[in-house]
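Q: As input, take target-v9.txt (compact mmCIF, N, CA and C atoms):
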# COMPACT_ATOMS: atom_id res chain seq x y z
N MET A 1 133.61 52.09 164.47
CA MET A 1 134.84 52.75 164.80
C MET A 1 134.63 54.24 164.94
N GLY A 2 133.57 54.77 164.36
CA GLY A 2 133.28 56.19 164.52
C GLY A 2 132.88 56.56 165.93
N GLN A 3 132.63 55.57 166.77
CA GLN A 3 132.25 55.80 168.16
C GLN A 3 133.44 55.73 169.12
N PHE A 4 134.66 55.51 168.61
CA PHE A 4 135.84 55.39 169.47
C PHE A 4 136.00 56.70 170.23
N CYS A 5 135.95 56.60 171.57
CA CYS A 5 135.86 57.83 172.37
C CYS A 5 137.11 58.21 173.14
N ILE A 6 138.10 57.33 173.25
CA ILE A 6 139.31 57.68 173.97
C ILE A 6 140.53 57.18 173.20
N GLY A 7 141.71 57.62 173.57
CA GLY A 7 142.90 57.26 172.83
C GLY A 7 143.62 56.03 173.33
N VAL A 8 143.12 55.39 174.36
CA VAL A 8 143.79 54.20 174.91
C VAL A 8 142.80 53.05 174.94
N VAL A 9 143.24 51.86 174.56
CA VAL A 9 142.40 50.66 174.66
C VAL A 9 143.09 49.66 175.56
N ILE A 10 142.31 48.78 176.12
CA ILE A 10 142.83 47.67 176.92
C ILE A 10 142.67 46.41 176.09
N VAL A 11 143.78 45.74 175.82
CA VAL A 11 143.78 44.50 175.05
C VAL A 11 143.91 43.35 176.03
N THR A 12 142.99 42.41 175.95
CA THR A 12 142.98 41.30 176.90
C THR A 12 142.92 39.96 176.18
N GLY A 13 143.34 38.94 176.86
CA GLY A 13 143.27 37.58 176.35
C GLY A 13 143.40 36.61 177.50
N ALA A 14 143.33 35.34 177.20
CA ALA A 14 143.49 34.30 178.22
C ALA A 14 144.37 33.21 177.64
N GLN A 15 145.34 32.80 178.43
CA GLN A 15 146.23 31.72 178.02
C GLN A 15 146.28 30.70 179.15
N ALA A 16 145.95 29.48 178.84
CA ALA A 16 145.95 28.39 179.83
C ALA A 16 145.13 28.77 181.06
N GLY A 17 143.99 29.42 180.83
CA GLY A 17 143.10 29.78 181.93
C GLY A 17 143.52 31.01 182.72
N GLN A 18 144.63 31.65 182.35
CA GLN A 18 145.08 32.85 183.04
C GLN A 18 144.80 34.08 182.18
N LEU A 19 144.22 35.10 182.79
CA LEU A 19 143.95 36.34 182.08
C LEU A 19 145.23 37.15 181.94
N VAL A 20 145.37 37.81 180.81
CA VAL A 20 146.54 38.63 180.54
C VAL A 20 146.09 39.84 179.72
N GLY A 21 146.73 40.99 179.91
CA GLY A 21 146.33 42.17 179.16
C GLY A 21 147.35 43.29 179.26
N PHE A 22 147.11 44.33 178.45
CA PHE A 22 147.95 45.52 178.48
C PHE A 22 147.17 46.69 177.91
N ALA A 23 147.62 47.90 178.20
CA ALA A 23 147.05 49.11 177.65
C ALA A 23 147.80 49.46 176.37
N ALA A 24 147.06 49.81 175.32
CA ALA A 24 147.68 50.17 174.04
C ALA A 24 147.16 51.51 173.58
N GLN A 25 148.05 52.41 173.23
CA GLN A 25 147.64 53.69 172.69
C GLN A 25 147.59 53.66 171.17
N SER A 26 148.35 52.76 170.56
CA SER A 26 148.35 52.62 169.10
C SER A 26 147.26 51.64 168.71
N PHE A 27 146.14 52.17 168.22
CA PHE A 27 144.96 51.37 167.88
C PHE A 27 144.34 51.98 166.64
N VAL A 28 144.16 51.21 165.57
CA VAL A 28 143.61 51.75 164.33
C VAL A 28 142.63 50.77 163.70
N SER A 29 141.70 51.32 162.95
CA SER A 29 140.76 50.51 162.18
C SER A 29 141.42 50.14 160.85
N LEU A 30 141.37 48.87 160.50
CA LEU A 30 141.90 48.41 159.22
C LEU A 30 140.82 48.25 158.18
N SER A 31 139.64 47.81 158.62
CA SER A 31 138.56 47.51 157.68
C SER A 31 137.22 47.54 158.42
N LEU A 32 136.18 48.04 157.72
CA LEU A 32 134.84 47.99 158.29
C LEU A 32 134.12 46.70 157.91
N GLN A 33 134.43 46.14 156.73
CA GLN A 33 133.84 44.89 156.27
C GLN A 33 134.93 43.98 155.75
N PRO A 34 135.37 43.00 156.46
CA PRO A 34 134.98 42.65 157.82
C PRO A 34 135.61 43.62 158.82
N PRO A 35 135.02 43.73 160.00
CA PRO A 35 135.57 44.65 161.00
C PRO A 35 136.92 44.14 161.54
N LEU A 36 137.98 44.86 161.19
CA LEU A 36 139.33 44.49 161.63
C LEU A 36 140.01 45.69 162.27
N VAL A 37 140.76 45.45 163.32
CA VAL A 37 141.53 46.50 163.98
C VAL A 37 142.97 46.04 164.14
N ALA A 38 143.86 46.99 164.39
CA ALA A 38 145.26 46.68 164.67
C ALA A 38 145.68 47.39 165.95
N VAL A 39 146.45 46.72 166.75
CA VAL A 39 147.08 47.32 167.92
C VAL A 39 148.58 47.16 167.74
N CYS A 40 149.34 48.06 168.32
CA CYS A 40 150.80 48.03 168.16
C CYS A 40 151.47 47.95 169.52
N PRO A 41 151.66 46.76 170.05
CA PRO A 41 152.32 46.61 171.36
C PRO A 41 153.82 46.90 171.24
N GLY A 42 154.41 47.27 172.35
CA GLY A 42 155.85 47.51 172.39
C GLY A 42 156.63 46.21 172.23
N LYS A 43 157.84 46.32 171.70
CA LYS A 43 158.69 45.15 171.50
C LYS A 43 159.04 44.45 172.81
N ALA A 44 159.06 45.21 173.90
CA ALA A 44 159.42 44.64 175.20
C ALA A 44 158.21 44.10 175.97
N SER A 45 157.04 44.12 175.36
CA SER A 45 155.82 43.67 176.04
C SER A 45 155.93 42.19 176.44
N ALA A 46 155.66 41.92 177.69
CA ALA A 46 155.63 40.53 178.16
C ALA A 46 154.25 39.92 177.94
N SER A 47 153.21 40.76 177.87
CA SER A 47 151.84 40.29 177.72
C SER A 47 151.51 39.91 176.28
N TRP A 48 151.98 40.70 175.30
CA TRP A 48 151.57 40.48 173.92
C TRP A 48 151.93 39.09 173.40
N PRO A 49 153.13 38.56 173.61
CA PRO A 49 153.41 37.21 173.09
C PRO A 49 152.43 36.15 173.63
N ARG A 50 152.01 36.32 174.87
CA ARG A 50 151.06 35.36 175.46
C ARG A 50 149.70 35.48 174.80
N ILE A 51 149.26 36.72 174.51
CA ILE A 51 147.97 36.93 173.84
C ILE A 51 148.07 36.49 172.38
N ARG A 52 149.13 36.87 171.70
CA ARG A 52 149.33 36.52 170.28
C ARG A 52 149.27 35.02 170.07
N ASP A 53 149.90 34.26 170.94
CA ASP A 53 149.97 32.81 170.78
C ASP A 53 148.60 32.13 170.86
N THR A 54 147.62 32.78 171.49
CA THR A 54 146.28 32.18 171.55
C THR A 54 145.52 32.36 170.24
N GLY A 55 145.87 33.39 169.46
CA GLY A 55 145.18 33.66 168.20
C GLY A 55 143.95 34.53 168.34
N TYR A 56 143.60 34.92 169.56
CA TYR A 56 142.41 35.74 169.81
C TYR A 56 142.74 36.84 170.82
N PHE A 57 142.06 37.96 170.70
CA PHE A 57 142.16 38.99 171.72
C PHE A 57 140.89 39.81 171.73
N CYS A 58 140.72 40.57 172.79
CA CYS A 58 139.57 41.44 172.94
C CYS A 58 140.10 42.81 173.34
N GLY A 59 139.53 43.85 172.80
CA GLY A 59 139.92 45.21 173.18
C GLY A 59 138.71 45.98 173.64
N THR A 60 138.91 46.87 174.57
CA THR A 60 137.82 47.71 175.03
C THR A 60 138.33 49.14 175.13
N GLY A 61 137.44 50.07 175.01
CA GLY A 61 137.81 51.47 175.05
C GLY A 61 136.91 52.28 174.13
N TRP A 62 136.01 51.60 173.43
CA TRP A 62 135.06 52.29 172.58
C TRP A 62 133.66 51.86 172.94
N ARG A 63 132.69 52.65 172.50
CA ARG A 63 131.27 52.33 172.79
C ARG A 63 130.61 51.76 171.55
N ARG A 64 129.66 50.90 171.75
CA ARG A 64 128.87 50.36 170.64
C ARG A 64 127.55 51.07 170.60
In structure tokens, how does this file's structure come out?
A:
Amino acid sequence: MGQFCIGVVIVTGAQAGQLVGFAAQSFVSLSLQPPLVAVCPGKASASWPRIRDTGYFCGTGWRR
């Protein structure tokens, strides 16, 4: 998380074979062990419920 280089991340997921995603500015590290992060989507987001229901997501915007 010390390598996070920008203030916006892209959160992506797939539901029923369809890709879905959104840009999130609210992104924080919760834990290093295990590595956990939190994103804060808007209440009106149409993408987040679709990603949430899968139980998995991927975010990009930092370097490893």
Q: Would you compute the distance between atom N of Ser47 (chain A) and CA of Ser29 (chain A)? Give it in Å to one decimal.
A: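 Rounded to one decimal, the two atoms are 22.3 Å apart.
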Q: Please measure the separation of atom C of Gln15 (chain A) and atom N of Gly55 (chain A), giving the value in Å to one decimal.
A: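 Computed distance, atom C of Gln15 (chain A) to atom N of Gly55 (chain A), equals 10.1 Å.
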Q: Go ahead and fit an axis-aligned box to every listed atom of region 42-46 of chain A plus 5 Å each side, and pass me the centre and edge lengths in Å, one decimal, as JSON.
A:
{"center_x": 156.8, "center_y": 43.7, "center_z": 174.8, "size_x": 15.2, "size_y": 17.6, "size_z": 16.7}
Q: What separation in Å, quoted to one decimal, exists between atom N of Trp48 (chain A) and CA of Leu36 (chain A)?
A: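 These atoms are spaced 19.0 Å apart.
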Q: Please determine the residues with any atom at most 8 Å from (143.5, 45.8, 162.7) (coordinates as given in the file, with only C-alpha atoms counting) and report them as number ranges by chain.
A: A: 27-31, 36-39
Q: Mind checking which residues fall within 8 Å of Ala24 (chain A), counting only N, CA and C atoms, ignoring those fewer than 2 positions away in the same chain, and posting them as a ChimeraX atom specification?
A: /A:7-11,21-22,26-27,39-42
Q: Out of A:Gly13, A:Ala23, A:Gln18, A:Pro34, which residue has the shortest atom-to-atom distance to Asp53 (chain A) when counting only C-alpha atoms?
A: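 Nearest candidate to Asp53 (chain A) out of A:Gly13, A:Ala23, A:Gln18, A:Pro34: A:Gly13.
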Q: Could you pull out the alpha helix (DSSP H) residues of region 13-60 of chain A, going by DSSP on the backbone, and write them as a PyMOL selection string?
A: chain A and resi 47-54
Q: Can I get the selection written as an mmCIF file, keeping the file's coordinate frame, with N, CA and C atoms?
A:
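The result, written out as out_21.cif:
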data_model
loop_
_atom_site.group_PDB
_atom_site.id
_atom_site.type_symbol
_atom_site.label_atom_id
_atom_site.label_comp_id
_atom_site.auth_asym_id
_atom_site.auth_seq_id
_atom_site.Cartn_x
_atom_site.Cartn_y
_atom_site.Cartn_z
ATOM 1 N N SER A 47 153.210 40.760 177.870
ATOM 2 C CA SER A 47 151.840 40.290 177.720
ATOM 3 C C SER A 47 151.510 39.910 176.280
ATOM 4 N N TRP A 48 151.980 40.700 175.300
ATOM 5 C CA TRP A 48 151.570 40.480 173.920
ATOM 6 C C TRP A 48 151.930 39.090 173.400
ATOM 7 N N PRO A 49 153.130 38.560 173.610
ATOM 8 C CA PRO A 49 153.410 37.210 173.090
ATOM 9 C C PRO A 49 152.430 36.150 173.630
ATOM 10 N N ARG A 50 152.010 36.320 174.870
ATOM 11 C CA ARG A 50 151.060 35.360 175.460
ATOM 12 C C ARG A 50 149.700 35.480 174.800
ATOM 13 N N ILE A 51 149.260 36.720 174.510
ATOM 14 C CA ILE A 51 147.970 36.930 173.840
ATOM 15 C C ILE A 51 148.070 36.490 172.380
ATOM 16 N N ARG A 52 149.130 36.870 171.700
ATOM 17 C CA ARG A 52 149.330 36.520 170.280
ATOM 18 C C ARG A 52 149.270 35.020 170.070
ATOM 19 N N ASP A 53 149.900 34.260 170.940
ATOM 20 C CA ASP A 53 149.970 32.810 170.780
ATOM 21 C C ASP A 53 148.600 32.130 170.860
ATOM 22 N N THR A 54 147.620 32.780 171.490
ATOM 23 C CA THR A 54 146.280 32.180 171.550
ATOM 24 C C THR A 54 145.520 32.360 170.240
#
